[in-house]
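Colleague: Supplied structure: upload01.pdb, PDB, C-alpha atoms.
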```pdb
ATOM      1  CA  MET A  18     -19.099 -11.632 -46.114
ATOM      2  CA  ILE A  19     -22.116 -10.591 -48.222
ATOM      3  CA  PRO A  20     -20.050  -8.712 -50.834
ATOM      4  CA  ILE A  21     -17.929 -11.851 -51.259
ATOM      5  CA  VAL A  22     -21.015 -14.058 -51.668
ATOM      6  CA  ASN A  23     -22.539 -11.626 -54.168
ATOM      7  CA  ALA A  24     -19.268 -11.357 -56.081
ATOM      8  CA  MET A  25     -18.914 -15.164 -56.243
ATOM      9  CA  ASN A  26     -22.486 -15.495 -57.509
ATOM     10  CA  GLU A  27     -21.894 -12.841 -60.168
ATOM     11  CA  PHE A  28     -18.561 -14.405 -61.131
ATOM     12  CA  HIS A  29     -20.191 -17.811 -61.547
ATOM     13  CA  ARG A  30     -23.089 -16.372 -63.553
ATOM     14  CA  ARG A  31     -20.853 -14.566 -66.027
ATOM     15  CA  VAL A  32     -18.389 -17.424 -66.437
ATOM     16  CA  GLN A  33     -21.301 -19.791 -67.123
ATOM     17  CA  LEU A  34     -22.332 -17.415 -69.909
ATOM     18  CA  GLY A  35     -18.927 -17.905 -71.476
ATOM     19  CA  GLU A  36     -17.040 -14.776 -70.408
ATOM     20  CA  ALA A  37     -13.309 -15.033 -69.787
ATOM     21  CA  ILE A  38     -12.381 -15.635 -66.144
ATOM     22  CA  LYS A  39      -9.665 -12.958 -66.151
ATOM     23  CA  ARG A  40     -11.993 -10.354 -67.598
ATOM     24  CA  VAL A  41     -14.779 -11.107 -65.129
ATOM     25  CA  GLY A  42     -12.385 -10.937 -62.198
ATOM     26  CA  GLY A  43     -11.027  -7.586 -63.339
ATOM     27  CA  ASP A  44     -14.538  -6.190 -63.857
ATOM     28  CA  LEU A  45     -15.591  -7.220 -60.355
ATOM     29  CA  LEU A  46     -12.537  -5.650 -58.726
ATOM     30  CA  ARG A  47     -13.133  -2.389 -60.582
ATOM     31  CA  SER A  48     -16.776  -2.472 -59.570
ATOM     32  CA  PHE A  49     -15.823  -2.864 -55.891
ATOM     33  CA  ASP A  50     -13.511   0.150 -56.124
ATOM     34  CA  LYS A  51     -16.040   2.234 -58.053
ATOM     35  CA  GLU A  52     -18.927   1.551 -55.689
ATOM     36  CA  THR A  53     -16.760   2.185 -52.618
ATOM     37  CA  GLU A  54     -15.672   5.543 -54.011
ATOM     38  CA  LYS A  55     -19.281   6.489 -54.768
ATOM     39  CA  CYS A  56     -20.261   5.575 -51.229
ATOM     40  CA  VAL A  57     -17.441   7.661 -49.739
ATOM     41  CA  GLU A  58     -18.380  10.681 -51.842
ATOM     42  CA  LEU A  59     -22.051  10.389 -50.892
ATOM     43  CA  GLY A  60     -21.149  10.047 -47.215
ATOM     44  CA  ILE A  61     -18.952  13.146 -47.293
ATOM     45  CA  GLU A  62     -21.642  15.134 -49.101
ATOM     46  CA  THR A  63     -24.249  14.138 -46.515
ATOM     47  CA  ILE A  64     -22.029  14.951 -43.527
ATOM     48  CA  LYS A  65     -21.198  18.354 -45.029
ATOM     49  CA  LYS A  66     -24.903  19.083 -45.376
ATOM     50  CA  LEU A  67     -25.691  18.057 -41.796
ATOM     51  CA  TYR A  68     -22.693  20.004 -40.484
ATOM     52  CA  SER A  69     -23.827  23.109 -42.363
ATOM     53  CA  GLU A  70     -27.335  22.775 -40.933
ATOM     54  CA  TRP A  71     -25.882  22.417 -37.438
ATOM     55  CA  GLN A  72     -23.703  25.515 -37.912
ATOM     56  CA  SER A  73     -26.703  27.595 -38.949
ATOM     57  CA  LYS A  74     -28.571  26.594 -35.777
ATOM     58  CA  SER A  75     -25.662  26.705 -33.321
ATOM     59  CA  LYS A  76     -25.743  29.708 -30.994
ATOM     60  CA  ASP A  77     -22.309  29.081 -29.501
ATOM     61  CA  SER A  78     -19.431  29.792 -31.887
ATOM     62  CA  LYS A  79     -17.115  27.656 -29.726
ATOM     63  CA  GLN A  80     -19.383  24.604 -29.752
ATOM     64  CA  THR A  81     -18.067  21.482 -31.494
ATOM     65  CA  PHE A  82     -19.912  19.246 -33.958
ATOM     66  CA  VAL A  83     -19.205  15.697 -32.805
ATOM     67  CA  ILE A  84     -19.487  12.746 -35.191
ATOM     68  CA  GLY A  85     -19.722   9.354 -33.525
ATOM     69  CA  THR A  86     -19.158   6.094 -35.345
ATOM     70  CA  PHE A  87     -19.819   2.396 -34.729
ATOM     71  CA  SER A  88     -18.200   1.268 -37.953
ATOM     72  CA  ARG A  89     -14.723   0.937 -39.348
ATOM     73  CA  SER A  90     -14.285   0.099 -43.002
ATOM     74  CA  ILE A  91     -16.304   2.583 -45.065
ATOM     75  CA  ALA A  92     -16.775   5.055 -42.205
ATOM     76  CA  LYS A  93     -13.022   5.375 -41.782
ATOM     77  CA  SER A  94     -12.563   6.364 -45.424
ATOM     78  CA  ILE A  95     -15.443   8.848 -45.257
ATOM     79  CA  LEU A  96     -14.341  10.483 -42.020
ATOM     80  CA  ARG A  97     -10.661  10.625 -42.962
ATOM     81  CA  ARG A  98     -11.381  12.516 -46.169
ATOM     82  CA  PHE A  99     -13.991  14.710 -44.515
ATOM     83  CA  LEU A 100     -11.569  15.711 -41.768
ATOM     84  CA  GLN A 101      -8.747  16.326 -44.253
ATOM     85  CA  ALA A 102     -10.993  18.800 -46.065
ATOM     86  CA  GLN A 103     -11.631  20.845 -42.906
ATOM     87  CA  ASP A 104      -9.516  23.895 -42.071
ATOM     88  CA  GLN A 105      -7.859  24.528 -38.714
ATOM     89  CA  ALA A 106     -10.829  26.576 -37.519
ATOM     90  CA  SER A 107     -13.203  23.662 -38.087
ATOM     91  CA  GLN A 108     -15.559  22.826 -35.235
ATOM     92  CA  VAL A 109     -15.610  19.092 -35.962
ATOM     93  CA  ASN A 110     -14.534  16.252 -33.710
ATOM     94  CA  VAL A 111     -14.788  12.478 -34.188
ATOM     95  CA  VAL A 112     -15.297   9.940 -31.433
ATOM     96  CA  CYS A 113     -15.427   6.183 -31.997
ATOM     97  CA  SER A 114     -17.413   3.649 -30.027
ATOM     98  CA  GLN A 115     -15.123   0.852 -28.814
ATOM     99  CA  SER A 116     -17.312  -1.612 -30.728
ATOM    100  CA  THR A 117     -17.017  -4.780 -28.686
ATOM    101  CA  PRO A 118     -16.430  -7.610 -29.280
ATOM    102  CA  GLY A 119     -13.452  -6.974 -31.490
ATOM    103  CA  ASP A 120     -12.708  -3.420 -30.357
ATOM    104  CA  GLU A 121     -12.607  -2.140 -33.922
ATOM    105  CA  GLY A 122     -13.387   1.352 -32.626
ATOM    106  CA  GLU A 123     -10.044   1.545 -30.845
ATOM    107  CA  LEU A 124      -8.233   0.664 -34.070
ATOM    108  CA  MET A 125     -10.253   3.188 -36.066
ATOM    109  CA  ALA A 126      -9.606   5.941 -33.515
ATOM    110  CA  SER A 127      -5.898   5.249 -33.813
ATOM    111  CA  ASP A 128      -6.080   5.359 -37.606
ATOM    112  CA  LEU A 129      -7.945   8.699 -37.571
ATOM    113  CA  GLY A 130      -6.123  10.312 -34.671
ATOM    114  CA  ALA A 131      -9.494  10.469 -32.900
ATOM    115  CA  SER A 132     -10.702   9.429 -29.458
ATOM    116  CA  TRP A 133     -12.736   6.364 -28.498
ATOM    117  CA  LEU A 134     -15.183   5.546 -25.726
ATOM    118  CA  PRO A 135     -16.468   2.291 -24.218
ATOM    119  CA  ASP A 136     -19.750   1.359 -25.897
ATOM    120  CA  GLU A 137     -21.963   2.233 -22.904
ATOM    121  CA  GLU A 138     -20.256   5.576 -22.378
ATOM    122  CA  PHE A 139     -20.649   6.274 -26.093
ATOM    123  CA  LYS A 140     -24.396   5.703 -25.775
ATOM    124  CA  GLN A 141     -24.545   7.952 -22.711
ATOM    125  CA  GLN A 142     -22.855  10.715 -24.723
ATOM    126  CA  ILE A 143     -25.631  10.396 -27.302
ATOM    127  CA  GLN A 144     -28.316  10.615 -24.629
ATOM    128  CA  GLN A 145     -26.631  13.695 -23.173
ATOM    129  CA  ALA A 146     -26.556  15.401 -26.592
ATOM    130  CA  GLU A 147     -22.748  15.357 -26.634
ATOM    131  CA  ILE A 148     -22.750  13.628 -30.040
ATOM    132  CA  ASN A 149     -24.484  15.303 -32.983
ATOM    133  CA  LEU A 150     -24.382  12.582 -35.634
ATOM    134  CA  VAL A 151     -23.746   8.825 -35.684
ATOM    135  CA  LEU A 152     -22.314   7.036 -38.702
ATOM    136  CA  VAL A 153     -22.569   3.253 -39.158
ATOM    137  CA  GLY A 154     -21.982   0.788 -41.941
ATOM    138  CA  ALA A 155     -23.895  -2.351 -42.919
ATOM    139  CA  ASP A 156     -22.804  -5.910 -43.546
ATOM    140  CA  CYS A 157     -25.999  -6.553 -45.462
ATOM    141  CA  VAL A 158     -29.069  -4.637 -46.640
ATOM    142  CA  LEU A 159     -32.225  -6.743 -46.830
ATOM    143  CA  PRO A 160     -34.948  -6.297 -49.475
ATOM    144  CA  ASN A 161     -38.511  -5.059 -49.126
ATOM    145  CA  ASN A 162     -37.712  -2.573 -46.353
ATOM    146  CA  LYS A 163     -36.783  -5.402 -43.974
ATOM    147  CA  GLY A 164     -33.869  -3.439 -42.526
ATOM    148  CA  LEU A 165     -30.163  -4.073 -42.489
ATOM    149  CA  VAL A 166     -27.827  -6.540 -40.826
ATOM    150  CA  ASN A 167     -24.854  -5.226 -38.890
ATOM    151  CA  LYS A 168     -22.685  -6.003 -35.899
ATOM    152  CA  VAL A 169     -24.415  -6.834 -32.604
ATOM    153  CA  GLY A 170     -25.054  -3.607 -30.717
ATOM    154  CA  THR A 171     -26.120  -1.560 -33.743
ATOM    155  CA  ALA A 172     -29.858  -1.934 -33.045
ATOM    156  CA  SER A 173     -29.641  -0.688 -29.451
ATOM    157  CA  LEU A 174     -27.395   2.160 -30.591
ATOM    158  CA  ALA A 175     -29.872   3.140 -33.303
ATOM    159  CA  SER A 176     -32.746   2.987 -30.815
ATOM    160  CA  ILE A 177     -30.922   5.358 -28.464
ATOM    161  CA  CYS A 178     -30.221   7.730 -31.349
ATOM    162  CA  LYS A 179     -33.905   7.721 -32.250
ATOM    163  CA  GLN A 180     -34.970   8.390 -28.650
ATOM    164  CA  SER A 181     -32.379  11.166 -28.333
ATOM    165  CA  ASN A 182     -33.179  12.830 -31.691
ATOM    166  CA  VAL A 183     -29.621  12.273 -32.890
ATOM    167  CA  PRO A 184     -29.459  11.454 -36.610
ATOM    168  CA  ILE A 185     -27.944   8.079 -37.468
ATOM    169  CA  ILE A 186     -26.942   7.343 -41.043
ATOM    170  CA  CYS A 187     -25.701   4.166 -42.692
ATOM    171  CA  CYS A 188     -23.292   4.158 -45.624
ATOM    172  CA  THR A 189     -23.276   1.143 -47.922
ATOM    173  CA  ASN A 190     -23.244   0.083 -51.581
ATOM    174  CA  GLU A 191     -24.875  -2.368 -53.962
ATOM    175  CA  TRP A 192     -22.532  -5.227 -53.089
ATOM    176  CA  LYS A 193     -24.182  -5.353 -49.649
ATOM    177  CA  LEU A 194     -27.652  -6.018 -51.089
ATOM    178  CA  TRP A 195     -29.144  -9.421 -50.323
ATOM    179  CA  GLU A 196     -31.947 -10.596 -52.588
ATOM    180  CA  LYS A 197     -33.590 -13.009 -50.186
ATOM    181  CA  ASP A 198     -36.205 -12.263 -47.549
ATOM    182  CA  HIS A 199     -34.332 -13.787 -44.612
ATOM    183  CA  TYR A 200     -30.975 -13.495 -42.872
ATOM    184  CA  PRO A 201     -27.987 -14.328 -45.039
ATOM    185  CA  PRO A 202     -26.567 -17.735 -44.090
ATOM    186  CA  GLY A 203     -24.057 -17.839 -41.274
ATOM    187  CA  LEU A 204     -24.653 -14.370 -39.843
ATOM    188  CA  GLU A 205     -27.305 -15.009 -37.182
ATOM    189  CA  GLU A 206     -24.986 -15.424 -34.184
ATOM    190  CA  ILE A 207     -22.527 -12.655 -35.018
ATOM    191  CA  PHE A 208     -24.774  -9.965 -36.417
ATOM    192  CA  GLU A 209     -28.270  -8.664 -35.809
ATOM    193  CA  LEU A 210     -31.170  -7.164 -37.692
ATOM    194  CA  VAL A 211     -31.586  -3.398 -37.442
ATOM    195  CA  PRO A 212     -35.156  -2.333 -38.346
ATOM    196  CA  SER A 213     -35.293   0.243 -41.116
ATOM    197  CA  ASP A 214     -37.319   2.694 -39.012
ATOM    198  CA  LEU A 215     -34.388   3.105 -36.611
ATOM    199  CA  ILE A 216     -32.063   4.433 -39.314
ATOM    200  CA  ASP A 217     -32.597   7.990 -40.555
ATOM    201  CA  GLN A 218     -30.823   7.526 -43.872
ATOM    202  CA  VAL A 219     -29.274   4.606 -45.708
ATOM    203  CA  LEU A 220     -26.840   6.200 -48.132
ATOM    204  CA  MET A 221     -26.455   4.270 -51.345
ATOM    205  CA  PRO A 222     -25.099   5.682 -54.610
ATOM    206  CA  PRO A 223     -27.949   6.609 -57.006
ATOM    207  CA  SER A 224     -26.767   4.105 -59.625
ATOM    208  CA  CYS A 225     -27.371   1.184 -57.263
ATOM    209  CA  ARG A 226     -30.478  -0.957 -57.203
ATOM    210  CA  LYS A 227     -33.293   0.087 -54.897
ATOM    211  CA  VAL A 228     -34.368  -2.238 -52.083
ATOM    212  CA  GLY A 229     -36.800  -0.061 -50.144
ATOM    213  CA  LEU A 230     -34.149   1.414 -47.851
ATOM    214  CA  ALA A 231     -32.129   3.474 -50.293
TER     215      ALA A 231
END
```
As structure tokens, what does this structure read like?

Modeller:
Amino acid sequence: MIPIVNAMNEFHRRVQLGEAIKRVGGDLLRSFDKETEKCVELGIETIKKLYSEWQSKSKDSKQTFVIGTFSRSIAKSILRRFLQAQDQASQVNVVCSQSTPGDEGELMASDLGASWLPDEEFKQQIQQAEINLVLVGADCVLPNNKGLVNKVGTASLASICKQSNVPIICCTNEWKLWEKDHYPPGLEEIFELVPSDLIDQVLMPPSCRKVGLA
């Protein structure tokens, strides 16, 4: 929703300045693609780094690095390409939280050829140190270090990660930035605020604007 609102605002601004509608539309579509690709690359780079750190500390050569996710759109692209780059001896496994309501986690697991768990069981796996990293997205990033807005359930998941010393990272891009100091309109009942101190890293391509979280 927020990327659409931001794109409409930018479209209106540029058309009002006299730019051709077709040109503005094309520029915005290319920007979406470019920022998504940057986000995917940054996510892969970060996961590789965390995986390498885990390998250097792991005492059991047969132990598996488990990546959990409570997201679908950008996380799916990141994880698919990360897994494709791993060789057959890789010690990486992906598990998706069911992500109710909507059950997007089941769909993502099917897309990735991964497994999924009911949300509560997913959280228990984190508490039992069966998951080494959690990856989430964001529907909106608020300014002035106010946090991010994401699907209901993200805040409790992030809190459990923090209590269990399991890193949780969020991948997003500049189209998710909201310039106002309150919830974006229409999201209060469907989404929730996730305080910034519950997220270990908010990954945003370096070229994007800074809002206190990046």

Colleague: Applied to this file, what does the PyMOL selection byres ((chain A and resi 96) around 10) return in terms of residues, put as a ChimeraX atom specification?

Modeller: /A:57,60-61,64,84,86,89,91-95,97-102,111,129,152

Colleague: Name the residues in contact with Ser114 (chain A) at a cut-off of 8 Å, using all atoms listed in the file, excluding same-chain residues fewer than 3 positions from it; report them as a ChimeraX atom specification.

Modeller: /A:85-87,122-123,133-136,139

Colleague: Run through the PyMOL selection byres ((chain A and resi 196) around 7) on the given coordinates and return the selected residues as a list in words.

Modeller: Leu159, Pro160, Leu194, Trp195, Lys197 and Asp198 of chain A

Colleague: Record the distance separating CA of Lys66 (chain A) and CA of Lys51 (chain A), expressed in Å with one decimal.

Modeller: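 CA of Lys51 (chain A) lies at a distance of 22.9 Å from CA of Lys66 (chain A).
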
Colleague: In Å, rounded to a single decimal, give me how far CA of Ala24 (chain A) is from CA of Gly42 (chain A).

Modeller: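 Taking CA of Gly42 (chain A) as the start and CA of Ala24 (chain A) as the end point, the length is 9.2 Å.
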